[in-house]
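Have a look at my_file04.txt; it's compact mmCIF, C-alpha atoms:
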```txt
# COMPACT_ATOMS: atom_id res chain seq x y z
CA MET A 1 2.35 -6.12 -1.06
CA ASP A 2 1.26 -5.34 2.48
CA ARG A 3 4.74 -4.00 3.09
CA ALA A 4 4.54 -1.71 0.08
CA LEU A 5 1.13 -0.49 1.21
CA PHE A 6 2.42 0.06 4.75
CA ALA A 7 5.60 1.86 3.67
CA ALA A 8 3.65 4.24 1.43
CA ALA A 9 1.12 4.87 4.21
CA THR A 10 3.89 5.75 6.71
CA GLY A 11 5.24 8.17 4.11
CA MET A 12 1.84 9.86 3.82
CA ALA A 13 1.48 10.14 7.60
CA ALA A 14 4.98 11.61 7.94
CA GLN A 15 4.39 14.19 5.23
CA GLN A 16 1.13 15.16 6.91
CA ARG A 17 3.04 15.90 10.12
CA ASN A 18 5.58 17.83 8.04
CA LEU A 19 2.80 19.96 6.53
CA ASP A 20 1.43 20.69 10.01
CA THR A 21 4.82 22.02 11.10
CA ILE A 22 5.30 24.13 7.98
CA ALA A 23 1.78 25.56 8.23
CA ASP A 24 2.49 26.57 11.83
CA ASN A 25 5.71 28.29 10.72
CA LEU A 26 3.89 30.09 7.95
CA ALA A 27 1.15 31.26 10.30
CA ASN A 28 3.81 32.84 12.52
CA ALA A 29 5.92 34.38 9.76
CA GLU A 30 5.06 37.88 10.99
CA VAL A 31 5.31 37.23 14.74
CA VAL A 32 8.13 39.10 16.50
CA GLY A 33 10.76 36.77 17.99
CA PHE A 34 9.16 33.62 16.54
CA LYS A 35 11.44 30.66 15.84
CA GLY A 36 10.41 28.23 13.14
CA SER A 37 10.51 24.45 13.52
CA ALA A 38 11.52 21.64 11.23
CA GLN A 39 10.16 18.12 11.31
CA THR A 40 12.77 15.36 11.62
CA PHE A 41 12.19 11.98 9.98
CA GLY A 42 13.75 8.65 10.69
CA GLU A 43 13.77 5.38 8.82
CA LEU A 44 11.52 2.72 10.34
CA VAL A 45 13.45 -0.49 10.81
CA ALA A 46 12.39 -3.83 12.17
CA PRO A 47 14.99 -6.39 13.35
CA GLY A 48 16.25 -8.36 10.37
CA GLU A 49 14.22 -6.34 7.89
CA PRO A 50 15.82 -3.94 5.44
CA GLY A 51 13.40 -1.07 6.09
CA ILE A 52 9.66 -0.72 6.39
CA GLY A 53 8.94 2.96 5.89
CA THR A 54 9.45 6.20 7.72
CA VAL A 55 8.37 7.93 10.92
CA ALA A 56 8.18 11.59 11.91
CA LEU A 57 10.38 11.96 14.99
CA GLY A 58 9.00 15.34 16.01
CA ALA A 59 9.65 18.98 15.27
CA ARG A 60 12.76 20.73 16.48
CA VAL A 61 12.94 24.48 16.88
CA LEU A 62 15.50 26.25 14.73
CA PHE A 63 17.16 29.06 16.66
CA ASN A 64 18.85 30.87 13.82
CA GLN A 65 18.79 34.64 13.94
CA GLY A 66 15.79 36.54 12.59
CA LYS A 67 16.23 39.86 10.83
CA LEU A 68 16.41 42.94 13.04
CA ALA A 69 14.03 45.73 12.13
CA ARG A 70 13.85 49.23 13.55
CA SER A 71 10.70 49.78 15.58
CA PRO A 72 9.15 52.80 17.22
CA GLY A 73 8.18 51.29 20.60
CA PRO A 74 9.77 53.06 23.61
CA PHE A 75 11.12 49.81 25.17
CA ASP A 76 11.76 47.62 22.13
CA LEU A 77 14.81 45.38 22.40
CA ALA A 78 16.37 42.84 20.08
CA ILE A 79 19.09 40.24 20.71
CA ASP A 80 21.79 40.14 18.06
CA GLY A 81 23.33 36.69 18.66
CA PRO A 82 22.34 33.72 20.83
CA GLY A 83 20.54 33.89 24.17
CA PHE A 84 17.14 34.71 25.65
CA PHE A 85 15.55 37.41 27.73
CA THR A 86 14.86 36.09 31.24
CA LEU A 87 11.20 36.67 32.13
CA THR A 88 9.13 36.00 35.23
CA ASP A 89 5.45 35.09 34.98
CA SER A 90 2.70 35.95 37.48
CA HIS A 91 3.45 32.73 39.49
CA GLY A 92 7.13 33.64 39.79
CA ARG A 93 8.25 30.97 37.31
CA LEU A 94 11.13 31.74 34.94
CA ARG A 95 10.41 31.88 31.24
CA TYR A 96 12.66 32.63 28.30
CA SER A 97 11.91 34.43 25.08
CA ARG A 98 13.55 36.36 22.28
CA ASN A 99 10.55 38.62 21.79
CA GLY A 100 11.73 42.02 23.03
CA GLU A 101 8.48 43.93 22.60
CA PHE A 102 8.21 45.36 26.13
CA SER A 103 5.95 47.98 27.60
CA ARG A 104 6.11 49.67 30.97
CA ALA A 105 3.65 48.50 33.63
CA ALA A 106 2.27 50.57 36.52
CA ASP A 107 4.84 49.10 38.96
CA GLY A 108 7.72 50.15 36.70
CA SER A 109 8.53 46.65 35.39
CA LEU A 110 8.90 45.99 31.69
CA ARG A 111 6.36 43.45 30.51
CA THR A 112 5.67 41.52 27.33
CA ALA A 113 2.21 41.31 25.77
CA GLN A 114 1.70 38.01 27.70
CA ASP A 115 2.35 39.89 30.98
CA LEU A 116 5.78 38.38 31.63
CA ALA A 117 8.15 40.75 33.45
CA LEU A 118 11.76 41.26 32.32
CA SER A 119 14.06 40.24 35.19
CA GLY A 120 16.49 42.74 36.68
CA VAL A 121 14.90 45.91 35.36
CA ARG A 122 12.53 48.39 36.99
CA ILE A 123 11.94 51.83 35.56
CA PRO A 124 11.52 54.47 38.31
CA ALA A 125 8.42 56.64 38.26
CA ASP A 126 10.36 59.86 37.60
CA ALA A 127 11.88 58.57 34.35
CA LEU A 128 11.15 60.70 31.32
CA SER A 129 12.85 58.39 28.82
CA ALA A 130 14.89 55.22 28.94
CA SER A 131 17.44 53.51 26.73
CA VAL A 132 19.39 50.26 26.79
CA SER A 133 22.99 50.06 25.59
CA ALA A 134 24.55 47.10 23.75
CA ASP A 135 25.97 45.74 27.04
CA GLY A 136 22.51 45.69 28.67
CA ALA A 137 22.83 48.75 30.93
CA VAL A 138 19.42 50.44 31.32
CA GLU A 139 19.83 54.21 31.51
CA ILE A 140 17.00 56.61 32.31
CA THR A 141 16.72 60.34 31.95
CA SER A 142 14.78 62.21 34.60
CA ALA A 143 14.57 65.83 35.76
CA ALA A 144 17.60 65.09 38.00
CA GLY A 145 19.77 63.92 35.07
CA THR A 146 20.66 60.49 33.66
CA ARG A 147 21.46 57.39 35.69
CA VAL A 148 21.78 53.61 35.24
CA VAL A 149 18.91 51.77 36.93
CA GLY A 150 19.54 48.16 36.00
CA ARG A 151 21.09 45.70 33.63
CA VAL A 152 19.49 43.28 31.18
CA ARG A 153 21.17 39.87 31.30
CA LEU A 154 20.69 37.16 28.76
CA ALA A 155 20.29 33.45 29.50
CA GLU A 156 21.97 30.81 27.38
CA PHE A 157 21.44 27.05 27.35
CA PRO A 158 23.69 24.28 25.97
CA ALA A 159 20.75 22.73 24.11
CA PRO A 160 18.05 25.36 23.48
CA GLU A 161 16.29 22.89 21.11
CA ALA A 162 15.31 20.82 24.14
CA MET A 163 13.47 23.69 25.86
CA ARG A 164 9.72 23.41 26.25
CA ASP A 165 7.61 25.74 24.12
CA THR A 166 4.92 27.22 26.36
CA GLY A 167 3.28 29.06 23.46
CA GLY A 168 3.71 32.50 21.98
CA SER A 169 7.46 31.87 21.36
CA VAL A 170 8.04 31.70 25.12
CA PHE A 171 10.12 28.78 26.39
CA ALA A 172 10.64 27.06 29.73
CA ALA A 173 13.86 25.40 30.88
CA THR A 174 14.02 21.60 30.96
CA SER A 175 16.65 19.24 32.33
CA GLU A 176 17.54 18.17 28.77
CA ALA A 177 18.26 21.79 27.79
CA GLY A 178 21.14 21.83 30.27
CA ARG A 179 22.23 24.28 32.93
CA ARG A 180 21.40 27.93 32.33
CA HIS A 181 24.25 30.39 32.33
CA ASP A 182 23.75 34.12 32.42
CA VAL A 183 25.60 36.21 29.89
CA VAL A 184 26.38 39.90 30.03
CA PRO A 185 25.72 41.11 26.50
CA GLY A 186 28.03 43.36 24.56
CA SER A 187 31.29 41.38 24.56
CA ASP A 188 33.16 41.09 21.26
CA ASP A 189 32.18 37.50 20.49
CA GLY A 190 28.93 37.34 22.49
CA PRO A 191 25.39 38.53 21.88
CA LYS A 192 24.59 42.23 21.77
CA LEU A 193 21.43 44.10 22.61
CA ARG A 194 19.90 46.48 20.11
CA PHE A 195 17.64 49.12 21.54
CA GLY A 196 14.82 50.42 19.35
CA MET A 197 14.82 47.29 17.23
CA LEU A 198 12.84 44.04 17.16
CA GLU A 199 13.88 40.60 15.93
CA GLN A 200 11.50 39.47 13.22
CA SER A 201 10.35 35.87 12.80
CA ASN A 202 13.13 33.68 11.35
CA VAL A 203 10.59 32.09 8.99
CA THR A 204 10.57 33.51 5.49
CA ILE A 205 7.32 33.11 3.58
CA ILE A 206 9.09 32.06 0.39
CA ASP A 207 11.01 29.26 2.13
CA ALA A 208 7.84 28.05 3.85
CA MET A 209 5.92 28.06 0.53
CA MET A 210 8.69 26.05 -1.11
CA GLN A 211 8.59 23.55 1.74
CA ILE A 212 4.81 23.24 1.41
CA LEU A 213 5.13 22.44 -2.28
CA THR A 214 7.84 19.84 -1.62
CA ALA A 215 5.84 18.20 1.19
CA GLN A 216 2.70 18.17 -0.93
CA ARG A 217 4.49 16.50 -3.83
CA ALA A 218 6.03 13.93 -1.50
CA TYR A 219 2.56 13.25 -0.06
CA GLU A 220 1.15 12.76 -3.56
CA ALA A 221 3.99 10.44 -4.53
CA ASN A 222 3.32 8.30 -1.46
CA ALA A 223 -0.42 8.31 -2.22
CA LYS A 224 0.49 6.99 -5.66
CA GLY A 225 2.43 4.21 -3.94
CA VAL A 226 -0.66 3.27 -1.92
CA GLN A 227 -2.72 3.27 -5.11
CA ALA A 228 -0.22 1.05 -6.95
CA ALA A 229 -0.10 -1.44 -4.07
CA ASP A 230 -3.91 -1.46 -3.98
CA GLU A 231 -4.10 -2.00 -7.71
CA MET A 232 -1.74 -4.96 -7.48
CA LEU A 233 -3.90 -6.50 -4.77
CA ARG A 234 -6.94 -6.07 -7.02
CA ILE A 235 -5.19 -7.75 -9.93
CA ALA A 236 -4.09 -10.61 -7.69
CA ASN A 237 -7.67 -11.03 -6.50
CA ASN A 238 -8.85 -11.24 -10.10
CA LEU A 239 -6.36 -13.98 -11.02
CA GLN A 240 -8.93 -16.62 -10.19
CA ARG A 241 -11.34 -15.30 -12.85
CA GLY A 242 -8.55 -15.11 -15.48
CA MET B 243 4.71 -11.24 -10.34
CA VAL B 244 6.82 -11.81 -7.26
CA ALA B 245 9.60 -9.72 -8.78
CA ALA B 246 7.22 -6.84 -9.57
CA ARG B 247 5.96 -6.97 -6.02
CA ALA B 248 9.50 -6.78 -4.59
CA ARG B 249 10.22 -3.84 -6.86
CA LEU B 250 7.13 -1.99 -5.62
CA GLU B 251 8.12 -2.64 -2.01
CA ILE B 252 11.56 -1.12 -2.54
CA ALA B 253 10.21 1.89 -4.45
CA THR B 254 7.53 2.69 -1.84
CA GLU B 255 10.09 2.39 0.98
CA ASN B 256 12.34 4.83 -0.83
CA LEU B 257 9.40 7.18 -1.47
CA ALA B 258 8.38 7.07 2.19
CA ASN B 259 11.88 8.29 3.13
CA VAL B 260 12.06 11.14 0.62
CA SER B 261 12.35 13.64 3.53
CA THR B 262 14.50 11.55 5.86
CA ASP B 263 17.88 13.21 6.36
CA GLY B 264 20.86 10.95 5.73
CA PHE B 265 18.71 8.25 4.09
CA ARG B 266 20.40 6.17 1.40
CA ARG B 267 18.00 4.82 -1.19
CA SER B 268 17.83 1.10 -1.89
CA ALA B 269 18.23 0.02 -5.46
CA ALA B 270 16.38 -2.92 -6.96
CA SER B 271 18.35 -4.97 -9.45
CA GLY B 272 16.74 -7.85 -11.28
CA PHE B 273 18.54 -10.93 -12.54
CA LEU B 274 17.46 -14.10 -14.28
CA THR B 275 17.48 -17.37 -12.39
CA ALA B 276 16.30 -20.87 -13.25
CA HIS B 277 12.95 -19.99 -11.67
CA GLY B 278 12.40 -16.63 -13.37
CA VAL B 279 13.39 -13.11 -12.39
CA ALA B 280 14.65 -12.44 -8.89
CA ILE B 281 15.05 -8.99 -7.34
CA GLU B 282 18.01 -8.14 -5.19
CA ARG B 283 18.02 -5.16 -2.89
CA ARG B 284 21.16 -3.25 -2.08
CA SER B 285 21.88 0.13 -0.63
CA ALA B 286 22.70 2.48 -3.48
CA ALA B 287 25.89 4.48 -3.29
CA GLY B 288 25.59 8.15 -4.01
CA GLN B 289 25.53 11.01 -1.61
CA GLY B 290 22.37 12.99 -0.83
CA ALA B 291 22.56 16.74 -1.42
CA LEU B 292 23.99 18.78 1.46
CA ARG B 293 21.56 21.34 2.79
CA HIS B 294 22.83 24.44 4.59
CA THR B 295 21.32 24.95 8.05
CA GLY B 296 23.95 27.20 9.67
CA ARG B 297 23.69 25.30 12.95
CA ASP B 298 27.01 24.19 14.50
CA LEU B 299 25.75 20.78 15.60
CA ASP B 300 24.25 19.84 12.24
CA LEU B 301 26.88 17.54 10.74
CA ALA B 302 27.03 16.04 7.28
CA ILE B 303 29.47 13.37 6.11
CA VAL B 304 31.10 14.04 2.76
CA GLY B 305 32.23 10.64 1.52
CA GLU B 306 31.71 7.17 2.94
CA GLY B 307 31.01 6.10 6.50
CA ALA B 308 28.32 6.77 9.09
CA PHE B 309 27.92 8.19 12.58
CA ARG B 310 27.77 5.49 15.23
CA LEU B 311 25.22 5.98 18.01
CA ARG B 312 24.56 4.02 21.18
CA ASP B 313 20.91 3.70 22.21
CA ALA B 314 19.60 3.64 25.76
CA SER B 315 19.42 -0.16 25.46
CA GLY B 316 23.17 -0.25 24.71
CA SER B 317 22.88 -1.35 21.09
CA VAL B 318 24.92 0.53 18.51
CA ARG B 319 23.36 1.71 15.25
CA GLU B 320 24.71 3.64 12.31
CA THR B 321 23.20 6.66 10.60
CA ARG B 322 24.19 9.46 8.29
CA ALA B 323 21.60 11.84 9.77
CA GLY B 324 23.71 14.31 11.73
CA ALA B 325 21.36 16.67 13.61
CA PHE B 326 22.74 16.57 17.14
CA VAL B 327 21.93 18.32 20.40
CA ARG B 328 24.55 18.86 23.13
CA ARG B 329 23.69 17.33 26.51
CA ASP B 330 24.64 18.86 29.86
CA ASP B 331 27.53 16.39 30.27
CA GLY B 332 29.04 17.39 26.90
CA THR B 333 27.92 14.35 24.92
CA LEU B 334 25.84 14.70 21.78
CA ARG B 335 22.48 13.05 21.18
CA ASP B 336 20.38 12.71 18.04
CA ALA B 337 16.61 12.99 17.50
CA ARG B 338 16.13 9.36 18.61
CA GLY B 339 18.02 9.85 21.85
CA GLY B 340 21.16 7.89 20.89
CA THR B 341 24.59 9.07 22.06
CA LEU B 342 27.19 9.87 19.40
CA LEU B 343 30.25 7.65 19.70
CA GLY B 344 33.82 8.62 18.90
CA THR B 345 36.77 6.26 18.61
CA HIS B 346 36.92 5.86 22.43
CA GLY B 347 33.42 5.86 23.90
CA ALA B 348 31.02 8.80 23.77
CA PHE B 349 32.14 11.79 21.73
CA ARG B 350 32.56 14.99 23.76
CA GLY B 351 34.77 17.15 21.57
CA ALA B 352 33.95 20.43 19.88
CA ARG B 353 35.95 19.80 16.70
CA PHE B 354 34.34 17.39 14.33
CA ASP B 355 36.99 15.67 12.29
CA ALA B 356 36.54 12.37 10.55
CA SER B 357 39.22 10.44 12.49
CA ALA B 358 37.81 11.38 15.95
CA LEU B 359 34.40 10.03 14.89
CA GLY B 360 35.87 6.82 13.50
CA LEU B 361 35.08 7.65 9.86
CA PRO B 362 37.21 6.57 6.90
CA ALA B 363 40.24 8.82 6.33
CA ALA B 364 38.96 9.99 2.93
CA SER B 365 35.70 11.32 4.44
CA ARG B 366 35.15 14.79 5.78
CA VAL B 367 32.65 16.14 8.30
CA GLN B 368 30.92 19.37 7.35
CA SER B 369 29.45 21.38 10.21
CA GLY B 370 26.40 23.58 9.53
CA PHE B 371 24.99 21.19 6.92
CA LEU B 372 22.64 18.21 6.84
CA GLU B 373 22.64 15.50 4.22
CA SER B 374 19.23 15.32 2.53
CA SER B 375 17.71 12.01 1.52
CA SER B 376 19.27 10.60 -1.67
CA VAL B 377 15.80 9.56 -2.91
CA ASP B 378 14.64 11.15 -6.15
CA ALA B 379 10.83 11.22 -5.85
CA ILE B 380 10.24 11.30 -9.63
CA ALA B 381 12.46 8.31 -10.33
CA GLU B 382 10.76 6.34 -7.57
CA MET B 383 7.29 7.29 -8.90
CA ILE B 384 8.28 5.95 -12.30
CA ASP B 385 9.47 2.76 -10.61
CA VAL B 386 6.13 2.43 -8.79
CA LEU B 387 4.23 2.77 -12.07
CA ALA B 388 6.57 0.41 -13.92
CA ALA B 389 6.25 -2.21 -11.18
CA GLU B 390 2.46 -1.91 -11.32
CA ARG B 391 2.41 -2.39 -15.11
CA SER B 392 4.82 -5.31 -15.09
CA PHE B 393 2.68 -6.93 -12.39
CA GLU B 394 -0.29 -6.49 -14.71
CA SER B 395 1.57 -8.02 -17.67
CA ALA B 396 2.65 -10.96 -15.54
CA GLN B 397 -0.98 -11.47 -14.55
CA LYS B 398 -1.97 -11.54 -18.25
CA ALA B 399 0.73 -14.14 -18.88
CA VAL B 400 -0.56 -16.25 -15.99
CA ALA B 401 -4.09 -15.93 -17.37
CA ALA B 402 -2.91 -16.95 -20.87
CA ILE B 403 -1.03 -19.99 -19.56
CA ASP B 404 -4.09 -20.94 -17.54
CA LEU B 405 -6.31 -20.58 -20.60
CA SER B 406 -4.08 -22.73 -22.81
CA ARG B 407 -3.94 -25.46 -20.15
CA GLN B 408 -7.72 -25.33 -19.91
CA LYS B 409 -7.94 -25.69 -23.72
CA SER B 410 -5.63 -28.70 -23.80
CA ALA B 411 -7.57 -30.30 -20.96
CA GLU B 412 -10.79 -29.83 -22.99
CA ALA B 413 -9.13 -31.26 -26.09
CA ALA B 414 -8.05 -34.32 -24.13
CA ARG B 415 -11.61 -34.82 -22.91
CA VAL B 416 -13.08 -34.70 -26.45
CA LYS B 417 -10.90 -37.63 -27.53
```
Rewrite the coordinates I just gave you, this time as structure tokens.
Amino acid sequence: MDRALFAAATGMAAQQRNLDTIADNLANAEVVGFKGSAQTFGELVAPGEPGIGTVALGARVLFNQGKLARSPGPFDLAIDGPGFFTLTDSHGRLRYSRNGEFSRAADGSLRTAQDLALSGVRIPADALSASVSADGAVEITSAAGTRVVGRVRLAEFPAPEAMRDTGGSVFAATSEAGRRHDVVPGSDDGPKLRFGMLEQSNVTIIDAMMQILTAQRAYEANAKGVQAADEMLRIANNLQRG
Amino acid sequence: MVAARARLEIATENLANVSTDGFRRSAASGFLTAHGVAIERRSAAGQGALRHTGRDLDLAIVGEGAFRLRDASGSVRETRAGAFVRRDDGTLRDARGGTLLGTHGAFRGARFDASALGLPAASRVQSGFLESSSVDAIAEMIDVLAAERSFESAQKAVAAIDLSRQKSAEAARVK
């Protein structure tokens, strides 16, 4: 009976963690460049025992492509395919993100809303307008004509799931994520850059709502299991009185 | 009562793993013995539904067999949960940190066919899919309720037997 009670309780705890993850996804369903997570579960096993419940093994980030939407910002960029923008924070540390909502800072660098600068690009002061081609070349138009002033490179990792989330859909490299390799966008089978577009969150509200319902039902079912085990204990306690 | 308890244990364990990828439910089967009903647990056959994820390293086995993984401690375990992450050295690890094994040591390939992973020849590996748990929450709920009720009935039977013994003891005393 204790085992039944324990197994049902582990199920409730796991579903609670699941709900936390889904709620976080749902909250970020409108955030540009956001990548949703999914909770992974594993069976709890003890040596020589057939199975004693479940355990939530942690959330893993799902890097599937979000929808690209046209956007009016002057320096909006989206990645069509795998890879990350390489960013530098105020301490000089490298950060990686797929959020391409950049704006021009006073020093000519392109910065995200969290003040992370896009590596390899600086817009000169005389630029009247700028554009980025699919292969990452940054071209500006000034009074003197058009010229290429830099190139956006993308970073790829063998195991992006193992990167550390530093918040705001910005990631940091870890040893488990593997060695970074820089990719020039625009090749036939590689990622491409889309200028004037933004990658939307890869979470869809309908999917997240469905997952919430499923997790809630699973939680209830496990709660029922706890109740049944408790009821059996009560009956067993009453045996003495007949 | 013991049988009802065993049934509840199996049903709650299944219920707990309703979201565990690659989980195979256990089935409780009762049979009569000289000492009453005994419950036997066995792993139920029957594939969980395949769920599309679109990720290359999400692998699902169609058919029998399981992925073999070596833990940090060196022990080998089997699982049908196939969400893997590629390590820097080309090997694949799962959510628990085990290394995927092929027929000769750690698996490093990029093509996932059944024979390279040591699976039965009739099985197939599907990339971009995960196998959901084979647990049906509704069926397990019904099992939980049924176990609870049969426990209750068994308790009534125990109480009745107890009462009749008490009566006969009283009768014996009167004489």
Hey, which of B:Leu405, B:Ala352, B:Ala246, B:Leu257 ends up closest to Thr54 of chain A? Count only C-alpha atoms.
-> B:Leu257
Residues of chain A near chain B: apply a cut-off of 6 Å, count only C-alpha atoms, and supply the list as JSON, numbers by chain.
-> {"A": [4, 7, 8, 11, 41, 42, 53, 54, 159, 178, 225, 228, 242]}
Restricting the calculation to all atoms listed in the file, which member of A:Gln15, A:Gln39, A:Gln65, A:Asn28 is positioned closest to Glu199 of chain A?
->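 When distances to Glu199 of chain A are compared using all atoms listed in the file, the smallest one comes from A:Gln65.
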Looking at B:Val318, B:Leu372, B:Leu274, B:Val367, which one is nearest to Gly347 of chain B, with distances taken over all atoms listed in the file?
-> B:Val318
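Rounded to one decimal, atom CA of Pro72 of chain A and atom CA of Ala130 of chain A lie 13.3 Å from each other.
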Can you work out which one of A:Ser133, A:Thr166, A:Asn222, A:Ser71 has the shortest atom-to-atom distance to Phe102 of chain A, counting only C-alpha atoms?
-> A:Ser71
What is the distance, in Å and to one decimal place, between atom CA of Asn237 of chain A and atom CA of Ile281 of chain B?
->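 According to the coordinates, atom CA of Asn237 of chain A and atom CA of Ile281 of chain B are separated by 22.8 Å.
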Taking into account all atoms listed in the file, which residue in the set A:Asp165, A:Asp24, A:Glu101, A:Glu43 is nearest to Arg322 of chain B?
->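 For Arg322 of chain B, the nearest of the given residues is A:Glu43.
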Check the smallest atom-to-atom distance from each of A:Pro50, A:Pro185, A:Gly100, A:Pro82 to Ala69 of chain A using all atoms listed in the file, then report the winner.
->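 Closest to Ala69 of chain A of all the choices is A:Gly100.
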Could you pull the residues within 8 Å of Phe63 of chain A, counting all atoms listed in the file, minus those fewer than 6 positions along the same chain, as a PyMOL selection string?
-> chain A and resi 35-36+160-161
Pull C-alpha atoms from the residues just selected and write them as a short mmCIF file (atom, residue, chain, number, x, y, z; two decimals), keeping the file's coordinate frame.
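Final file, result_37.cif:
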```cif
data_model
loop_
_atom_site.label_atom_id
_atom_site.label_comp_id
_atom_site.auth_asym_id
_atom_site.auth_seq_id
_atom_site.Cartn_x
_atom_site.Cartn_y
_atom_site.Cartn_z
CA LYS A 35 11.44 30.66 15.84
CA GLY A 36 10.41 28.23 13.14
CA PRO A 160 18.05 25.36 23.48
CA GLU A 161 16.29 22.89 21.11
#
```
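Taking atom CA of Ala286 of chain B as the reference point, atom CA of Ser376 of chain B is found at 9.0 Å.
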Extract, using only C-alpha atoms, all DNA, RNA and protein residues at most 10 Å from Leu110 of chain A, discarding same-chain residues fewer than 2 positions from it, and format them as a PyMOL selection string.
-> chain A and resi 75+87+100-108+112+115-123
Within-12 Å shell of (15.1, 37.3, 35.0) in input frame, only C-alpha atoms, as a PyMOL selection string = chain A and resi 84-89+92-97+109-111+116-122+150-155+180-183
